[in-house]
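Note sheet for the following structure.
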Amino acid sequence: VVIRTDWDPSTTQKVALISGGGSGHEPSHAGFVGCGMLTAAVCGNIFASPATHSILAAIRAVGGPPGVLLIVKNYTGDILNFGLAKEMARLEGIDVEMVVVGDDVALPQTKGNITGRRGIAGTVFVHKIAGYYAECGSNLSEIVTRVNLLLTKFATIGLASDTCHLPGQLKPDRMNDNELEMGLGIHGEP
């Protein structure tokens with residue numbers, strides 16, 4: 001968990017913003033912690049969602065009276081772990097909301113129980129725009145409303161010049177040096 005050093009939840013009049021996800025694609029998420037961006041970032045293992053107890057620890061550490069907004073990418077592990085931490089924090093009396101970023105146009109939008117669009121590069125714009133409104137003193141409900149409107153107005157697509165692989169694993173050999181692959185997720189998955 002990475003937290004702003006200038007943040008005091010007992011005196012703040014601003015909504016705290018938390019995001020996170022698997023490690024392995026830095027500077028996301030720890031690199032986005034700071035004034036006008038995230039209040040805290042929670043990092044999991046390489047390409048794996050952070051643990052619920054780590055997310056809850058971040059919520060407890062930065063959550064003050066104005067509340068906490070969780071900014072989550074549309075990946076199953078992130079949805080489950082951030083969602084469970086949100087509910088646990090609410091049981092403790094912390095005002096927490098969650099928005100889910102699904103900006104990837106390489107996949108169709110959600111239909112029924114299908115996962116739908118992944119959260120990719122657009123998540124950074126959500127961090128910045130929500131961070132701006134939090135820094136200006138907007139309340140939690142206003143920020144959630146603005147972010148949810150934003151989520152209907154933009155889309156991104158992944159483009160890679162090389163494949164991605166876990167450390168110690170063989171690198172997939174599916175691309176030539178003169179090729180680009182379009183429509184990938186943040187872990188290089190088609």
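Please note that chains go A, B, ... in the order of the structure tokens, that every chain numbers its residues from 1, and that ligands are numbered from 1 in the order shown.
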
Per DSSP on the backbone, what are the strand (DSSP E) residues of range 7-184 of chain A, as an NGL selection string? :A and (16-23 or 40-46 or 68-73 or 96-101 or 159-160 or 181-182)

Quick one: everything within 7 Å of range 76-89 of chain A, counting only C-alpha atoms, minus sequence neighbours fewer than 3 positions away in the same chain. Send it as a PDB file with N, CA, C and O atoms, in the first residue's frame.
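So the final result, stored in part15.pdb, reads:
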ATOM      1  N   GLY A  21      -4.197  -2.738  -8.325  1.00  0.00           N
ATOM      2  CA  GLY A  21      -4.268  -3.911  -9.184  1.00  0.00           C
ATOM      3  C   GLY A  21      -2.963  -4.654  -9.094  1.00  0.00           C
ATOM      4  O   GLY A  21      -2.135  -4.394  -8.209  1.00  0.00           O
ATOM      5  N   SER A  49      -4.651  -9.415  -8.560  1.00  0.00           N
ATOM      6  CA  SER A  49      -5.332  -8.409  -7.753  1.00  0.00           C
ATOM      7  C   SER A  49      -4.750  -8.343  -6.350  1.00  0.00           C
ATOM      8  O   SER A  49      -4.336  -9.362  -5.796  1.00  0.00           O
ATOM      9  N   ALA A  51      -4.795  -8.243  -2.323  1.00  0.00           N
ATOM     10  CA  ALA A  51      -5.625  -8.964  -1.360  1.00  0.00           C
ATOM     11  C   ALA A  51      -6.641  -8.026  -0.719  1.00  0.00           C
ATOM     12  O   ALA A  51      -6.372  -6.834  -0.513  1.00  0.00           O
ATOM     13  N   THR A  52      -7.796  -8.574  -0.388  1.00  0.00           N
ATOM     14  CA  THR A  52      -8.854  -7.789   0.242  1.00  0.00           C
ATOM     15  C   THR A  52      -8.367  -7.108   1.509  1.00  0.00           C
ATOM     16  O   THR A  52      -8.680  -5.934   1.746  1.00  0.00           O
ATOM     17  N   ILE A  55      -6.446  -3.962   0.664  1.00  0.00           N
ATOM     18  CA  ILE A  55      -7.336  -2.891   0.203  1.00  0.00           C
ATOM     19  C   ILE A  55      -8.063  -2.279   1.399  1.00  0.00           C
ATOM     20  O   ILE A  55      -8.152  -1.051   1.523  1.00  0.00           O
ATOM     21  N   LEU A  56      -8.554  -3.114   2.303  1.00  0.00           N
ATOM     22  CA  LEU A  56      -9.232  -2.621   3.496  1.00  0.00           C
ATOM     23  C   LEU A  56      -8.282  -1.795   4.357  1.00  0.00           C
ATOM     24  O   LEU A  56      -8.668  -0.757   4.898  1.00  0.00           O
ATOM     25  N   VAL A  72     -11.590   1.118  -9.890  1.00  0.00           N
ATOM     26  CA  VAL A  72     -11.231  -0.276 -10.148  1.00  0.00           C
ATOM     27  C   VAL A  72     -11.338  -0.579 -11.633  1.00  0.00           C
ATOM     28  O   VAL A  72     -12.310  -0.198 -12.289  1.00  0.00           O
ATOM     29  N   LYS A  73     -10.358  -1.283 -12.147  1.00  0.00           N
ATOM     30  CA  LYS A  73     -10.401  -1.739 -13.540  1.00  0.00           C
ATOM     31  C   LYS A  73     -11.280  -2.989 -13.637  1.00  0.00           C
ATOM     32  O   LYS A  73     -11.336  -3.783 -12.706  1.00  0.00           O
ATOM     33  N   GLU A  92     -17.845  -1.051   8.936  1.00  0.00           N
ATOM     34  CA  GLU A  92     -17.103  -0.310   9.970  1.00  0.00           C
ATOM     35  C   GLU A  92     -17.523   1.155  10.027  1.00  0.00           C
ATOM     36  O   GLU A  92     -16.975   1.928  10.802  1.00  0.00           O
ATOM     37  N   GLY A  93     -18.471   1.563   9.176  1.00  0.00           N
ATOM     38  CA  GLY A  93     -18.967   2.931   9.190  1.00  0.00           C
ATOM     39  C   GLY A  93     -18.226   3.887   8.263  1.00  0.00           C
ATOM     40  O   GLY A  93     -18.436   5.104   8.330  1.00  0.00           O
ATOM     41  N   ILE A  94     -17.371   3.371   7.395  1.00  0.00           N
ATOM     42  CA  ILE A  94     -16.644   4.227   6.450  1.00  0.00           C
ATOM     43  C   ILE A  94     -17.485   4.372   5.189  1.00  0.00           C
ATOM     44  O   ILE A  94     -17.982   3.383   4.644  1.00  0.00           O
ATOM     45  N   VAL A  96     -17.875   4.509   1.578  1.00  0.00           N
ATOM     46  CA  VAL A  96     -17.059   4.056   0.442  1.00  0.00           C
ATOM     47  C   VAL A  96     -17.950   3.798  -0.763  1.00  0.00           C
ATOM     48  O   VAL A  96     -19.011   3.183  -0.640  1.00  0.00           O
TER      49      VAL A  96
END

Need to verify the contact set: Ile129 in chain A, 8 Å, only C-alpha atoms, exclusion of same-chain residues closer than 4 positions in sequence. Can you return it as a PyMOL selection string? chain A and resi 37+125+133+147

So which bits of range 12-55 of chain A end up alpha helix (DSSP H) when you DSSP the backbone, as a PyMOL selection string? chain A and resi 52-55

Output the selection as a PDB file, in the first residue's frame - all heavy atoms for each residue.
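What landed in part.pdb:
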ATOM      1  N   THR A  52      -7.796  -8.574  -0.388  1.00  0.00           N
ATOM      2  CA  THR A  52      -8.854  -7.789   0.242  1.00  0.00           C
ATOM      3  C   THR A  52      -8.367  -7.108   1.509  1.00  0.00           C
ATOM      4  O   THR A  52      -8.680  -5.934   1.746  1.00  0.00           O
ATOM      5  CB  THR A  52     -10.069  -8.696   0.548  1.00  0.00           C
ATOM      6  OG1 THR A  52     -10.519  -9.274  -0.678  1.00  0.00           O
ATOM      7  CG2 THR A  52     -11.192  -7.926   1.200  1.00  0.00           C
ATOM      8  N   HIS A  53      -7.582  -7.805   2.338  1.00  0.00           N
ATOM      9  CA  HIS A  53      -7.119  -7.200   3.592  1.00  0.00           C
ATOM     10  C   HIS A  53      -6.198  -6.009   3.329  1.00  0.00           C
ATOM     11  O   HIS A  53      -6.178  -5.050   4.104  1.00  0.00           O
ATOM     12  CB  HIS A  53      -6.475  -8.236   4.525  1.00  0.00           C
ATOM     13  CG  HIS A  53      -5.192  -8.820   4.016  1.00  0.00           C
ATOM     14  ND1 HIS A  53      -3.970  -8.214   4.187  1.00  0.00           N
ATOM     15  CD2 HIS A  53      -4.942  -9.961   3.342  1.00  0.00           C
ATOM     16  CE1 HIS A  53      -3.024  -8.953   3.627  1.00  0.00           C
ATOM     17  NE2 HIS A  53      -3.591 -10.023   3.105  1.00  0.00           N
ATOM     18  N   SER A  54      -5.439  -6.031   2.232  1.00  0.00           N
ATOM     19  CA  SER A  54      -4.579  -4.895   1.888  1.00  0.00           C
ATOM     20  C   SER A  54      -5.418  -3.697   1.433  1.00  0.00           C
ATOM     21  O   SER A  54      -5.127  -2.553   1.792  1.00  0.00           O
ATOM     22  CB  SER A  54      -3.599  -5.278   0.780  1.00  0.00           C
ATOM     23  OG  SER A  54      -2.739  -6.296   1.208  1.00  0.00           O
ATOM     24  N   ILE A  55      -6.446  -3.962   0.664  1.00  0.00           N
ATOM     25  CA  ILE A  55      -7.336  -2.891   0.203  1.00  0.00           C
ATOM     26  C   ILE A  55      -8.063  -2.279   1.399  1.00  0.00           C
ATOM     27  O   ILE A  55      -8.152  -1.051   1.523  1.00  0.00           O
ATOM     28  CB  ILE A  55      -8.337  -3.435  -0.836  1.00  0.00           C
ATOM     29  CG1 ILE A  55      -7.589  -4.000  -2.047  1.00  0.00           C
ATOM     30  CG2 ILE A  55      -9.334  -2.346  -1.250  1.00  0.00           C
ATOM     31  CD1 ILE A  55      -8.437  -4.894  -2.941  1.00  0.00           C
TER      32      ILE A  55
END

Polymer residues at most 7 Å from Ala41 in chain A, only C-alpha atoms, same-chain spacing of 2 or more positions, as a PyMOL selection string: chain A and resi 1-3+18-20+29-30+33+38+43

Can I get the selection written as a short mmCIF file (atom, residue, chain, number, x, y, z; two decimals), in the first residue's frame, with C-alpha atoms?
data_model
loop_
_atom_site.label_atom_id
_atom_site.label_comp_id
_atom_site.auth_asym_id
_atom_site.auth_seq_id
_atom_site.Cartn_x
_atom_site.Cartn_y
_atom_site.Cartn_z
CA VAL A 1 0.00 0.00 0.00
CA VAL A 2 1.37 3.42 -1.03
CA ILE A 3 -0.19 6.46 0.67
CA ILE A 18 -7.80 4.57 -3.98
CA SER A 19 -6.93 2.42 -6.97
CA GLY A 20 -4.76 -0.59 -7.53
CA HIS A 29 -0.61 2.38 -9.65
CA ALA A 30 1.87 3.62 -7.09
CA VAL A 33 -0.27 8.71 -5.87
CA LEU A 38 -4.71 9.09 -5.98
CA CYS A 43 -0.55 -3.32 -5.41
#
